[in-house]
file data.tsv (TSV, C-alpha atoms)
chain	number	residue	atom	x	y	z
A	1	MET	CA	8.00	-7.51	-10.55
A	2	ALA	CA	9.05	-9.35	-7.41
A	3	THR	CA	6.71	-10.90	-4.86
A	4	LEU	CA	8.03	-10.24	-1.36
A	5	THR	CA	7.24	-11.98	1.90
A	6	PRO	CA	7.55	-9.77	5.01
A	7	THR	CA	10.33	-10.77	7.38
A	8	GLY	CA	11.17	-9.95	10.99
A	9	LEU	CA	7.61	-10.28	12.20
A	10	GLY	CA	7.06	-11.36	15.79
A	11	PRO	CA	4.63	-10.57	18.61
A	12	ASN	CA	3.91	-6.83	18.70
A	13	ILE	CA	6.47	-6.17	15.97
A	14	PHE	CA	6.00	-4.55	12.58
A	15	ALA	CA	7.34	-6.06	9.40
A	16	VAL	CA	8.08	-3.58	6.64
A	17	SER	CA	7.94	-4.42	2.95
A	18	ASN	CA	8.68	-2.08	0.07
A	19	LEU	CA	6.22	-1.85	-2.82
A	20	SER	CA	8.09	0.77	-4.86
A	21	THR	CA	10.90	3.31	-4.59
A	22	LEU	CA	10.74	6.57	-6.56
A	23	GLN	CA	8.61	4.89	-9.23
A	24	ALA	CA	7.53	7.42	-11.87
A	25	THR	CA	5.78	5.18	-14.40
A	26	ASN	CA	2.16	4.30	-15.15
A	27	ALA	CA	2.32	0.67	-14.05
A	28	ASP	CA	1.91	-1.69	-11.13
A	29	SER	CA	4.24	-1.18	-8.19
A	30	THR	CA	7.67	-2.71	-8.58
A	31	ASN	CA	6.86	-5.31	-5.91
A	32	THR	CA	3.84	-7.29	-4.75
A	33	ILE	CA	3.57	-8.23	-1.07
A	34	ASP	CA	2.52	-11.74	-0.01
A	35	ARG	CA	1.29	-11.43	3.56
A	36	GLY	CA	0.67	-15.17	3.87
A	37	SER	CA	-1.49	-15.90	6.90
A	38	ILE	CA	-0.85	-12.52	8.59
A	39	ARG	CA	-4.28	-10.97	9.09
A	40	GLY	CA	-3.50	-8.09	11.47
A	41	ALA	CA	-3.99	-4.46	10.54
A	42	ALA	CA	-1.54	-2.86	8.13
A	43	LEU	CA	-0.38	0.67	7.45
A	44	LEU	CA	0.47	1.78	3.92
A	45	GLN	CA	2.87	4.71	3.73
A	46	ILE	CA	2.98	6.54	0.40
A	47	THR	CA	5.64	9.18	-0.12
A	48	THR	CA	5.46	11.33	-3.24
A	49	VAL	CA	8.16	13.60	-4.62
A	50	ALA	CA	6.61	16.18	-6.90
A	51	GLY	CA	7.85	17.85	-10.03
A	52	ALA	CA	6.00	20.47	-12.10
A	53	THR	CA	2.16	20.10	-12.19
A	54	PRO	CA	2.28	16.88	-10.12
A	55	THR	CA	-0.49	14.29	-9.92
A	56	VAL	CA	-0.80	10.52	-9.76
A	57	THR	CA	-3.73	8.14	-9.36
A	58	VAL	CA	-3.11	5.18	-7.08
A	59	ASN	CA	-5.27	2.07	-6.76
A	60	ILE	CA	-4.62	-0.15	-3.73
A	61	LEU	CA	-5.10	-3.68	-5.05
A	62	GLY	CA	-5.51	-6.97	-3.24
A	63	SER	CA	-5.77	-10.55	-4.46
A	64	VAL	CA	-6.42	-13.96	-2.98
A	65	ASP	CA	-4.50	-15.82	-5.70
A	66	GLY	CA	-1.84	-13.36	-6.88
A	67	THR	CA	-3.45	-13.15	-10.33
A	68	ASN	CA	-6.87	-11.52	-10.02
A	69	PHE	CA	-6.61	-8.14	-8.26
A	70	PHE	CA	-9.35	-5.83	-6.97
A	71	ASN	CA	-9.49	-2.52	-5.09
A	72	ILE	CA	-9.40	-3.14	-1.34
A	73	GLY	CA	-10.79	-1.12	1.54
A	74	TYR	CA	-8.65	1.45	3.32
A	75	ALA	CA	-9.16	4.29	5.77
A	76	VAL	CA	-7.29	7.55	6.18
A	77	THR	CA	-5.74	8.38	9.53
A	78	ALA	CA	-8.08	11.36	10.07
A	79	THR	CA	-11.14	9.04	9.94
A	80	PRO	CA	-9.80	5.56	10.73
A	81	GLU	CA	-13.22	3.88	10.92
A	82	THR	CA	-14.51	5.19	7.58
A	83	VAL	CA	-13.65	2.69	4.87
A	84	ALA	CA	-13.19	3.69	1.22
A	85	VAL	CA	-12.20	1.73	-1.90
A	86	ALA	CA	-11.90	4.57	-4.42
A	87	ALA	CA	-8.68	5.31	-6.25
A	88	LEU	CA	-6.44	7.88	-4.58
A	89	VAL	CA	-5.60	11.02	-6.53
A	90	LEU	CA	-2.42	12.42	-5.06
A	91	THR	CA	-1.20	15.93	-5.77
A	92	GLY	CA	1.02	18.35	-3.95
A	93	ALA	CA	4.25	20.20	-4.08
A	94	ALA	CA	7.62	19.05	-2.74
A	95	THR	CA	7.67	15.79	-0.77
A	96	THR	CA	4.46	14.53	0.83
A	97	VAL	CA	3.95	11.53	3.13
A	98	GLN	CA	0.47	10.03	3.52
A	99	TYR	CA	-0.76	7.03	5.51
A	100	TYR	CA	-3.59	4.61	4.77
A	101	ILE	CA	-4.93	2.02	7.20
A	102	LEU	CA	-5.64	-1.41	5.74
A	103	ARG	CA	-8.10	-3.11	8.05
A	104	ARG	CA	-7.52	-6.49	9.66
A	105	ASP	CA	-9.10	-9.73	8.43
A	106	HIS	CA	-9.96	-8.51	4.93
A	107	PRO	CA	-9.78	-11.29	2.32
A	108	TRP	CA	-6.60	-10.50	0.43
A	109	ARG	CA	-3.27	-12.24	0.59
A	110	TYR	CA	-1.33	-10.32	-2.07
A	111	LEU	CA	-1.06	-6.53	-2.23
A	112	LYS	CA	0.24	-4.21	-4.93
A	113	LEU	CA	-0.41	-0.67	-6.10
A	114	ASN	CA	-1.28	0.53	-9.58
A	115	TYR	CA	-0.08	3.97	-10.65
A	116	SER	CA	-1.82	5.77	-13.51
A	117	ALA	CA	-2.24	9.31	-14.88
A	118	ASN	CA	1.22	10.02	-13.48
A	119	THR	CA	2.46	13.50	-14.26
A	120	ASN	CA	5.82	14.36	-12.68
A	121	MET	CA	5.42	12.28	-9.50
A	122	GLN	CA	7.87	9.80	-8.00
A	123	VAL	CA	6.19	7.36	-5.62
A	124	THR	CA	7.71	5.36	-2.80
A	125	ALA	CA	5.40	3.00	-0.94
A	126	ASP	CA	6.02	0.79	2.09
A	127	LEU	CA	3.65	-1.59	3.87
A	128	TYR	CA	3.88	-2.03	7.64
A	129	LEU	CA	2.26	-5.30	8.75
A	130	THR	CA	1.39	-6.27	12.29
A	131	ALA	CA	1.06	-9.73	13.74
A	132	ASP	CA	-2.37	-10.69	15.00
A	133	PRO	CA	-2.26	-9.86	18.74
A	134	TYR	CA	-4.76	-12.64	19.47
A	135	VAL	CA	-2.70	-15.45	17.98
A	136	SER	CA	0.45	-16.71	19.64
call {"tool": "encode", "arguments": {"input": "data.tsv", "output": "structure tokens"}}
result
Amino acid sequence: MATLTPTGLGPNIFAVSNLSTLQATNADSTNTIDRGSIRGAALLQITTVAGATPTVTVNILGSVDGTNFFNIGYAVTATPETVAVAALVLTGAATTVQYYILRRDHPWRYLKLNYSANTNMQVTADLYLTADPYVS
């Protein structure tokens, strides 16, 4: 598993980092993101490609030290101010794209996903980070 540092970040610009591409195993995401001192909001995009009877459980995990991980708060785009920490259970036919808002200033530096109970799902996940608009 690689630990990636987002690149290309500047004022009002998104940096994109890939957590996994078409991963179909019960394991942590292929990559872990190190956001360093970036504390702006983030958007997690999860794309699933379904096979027969598809389902996968996804835990969004953060860490301050890169070793000890815990579920972090997220919101769905339909209710962006309602924070949840529960595991995601993703199902659906064909290809589905879902977005999760990771709120600014939460105390995690490293981010990874954990996939479990995977039945015929391929998961691609990308993290879009924003610079803090109040810091120049």
call {"tool": "closest_residue", "arguments": {"input": "data.tsv", "among": "A:Thr130, A:Thr124, A:Asn26, A:Thr82", "to": "Thr96 of chain A", "atoms": "all atoms listed in the file"}}
result
A:Thr124
call {"tool": "closest_residue", "arguments": {"input": "data.tsv", "among": "A:Pro107, A:Gly40, A:Gly51, A:Pro80", "to": "Ala93 of chain A", "atoms": "all atoms listed in the file"}}
result
A:Gly51
call {"tool": "atom_distance", "arguments": {"input": "data.tsv", "atom1": "atom CA of Thr57 of chain A", "atom2": "atom CA of Ala27 of chain A"}}
result
10.7 Å
call {"tool": "residues_around", "arguments": {"input": "data.tsv", "residues": "Tyr74 of chain A", "least_positions_apart": "5", "cutoff": "6 Å", "atoms": "only C-alpha atoms", "output": "ChimeraX atom specification"}}
result
/A:83-84,101-102
call {"tool": "residues_near_point", "arguments": {"input": "data.tsv", "point": "(-5.0, 6.2, 2.7)", "cutoff": "9 Å", "atoms": "all atoms listed in the file", "output": "list in words"}}
result
Leu43, Leu44, Gln45, Ile46, Tyr74, Ala75, Val76, Thr77, Ala84, Leu88, Gln98, Tyr99, Tyr100, Ile101 and Leu102 of chain A
call {"tool": "closest_residue", "arguments": {"input": "data.tsv", "among": "A:His106, A:Pro54, A:Ala15, A:Ala42", "to": "Asn120 of chain A", "atoms": "all atoms listed in the file"}}
result
A:Pro54
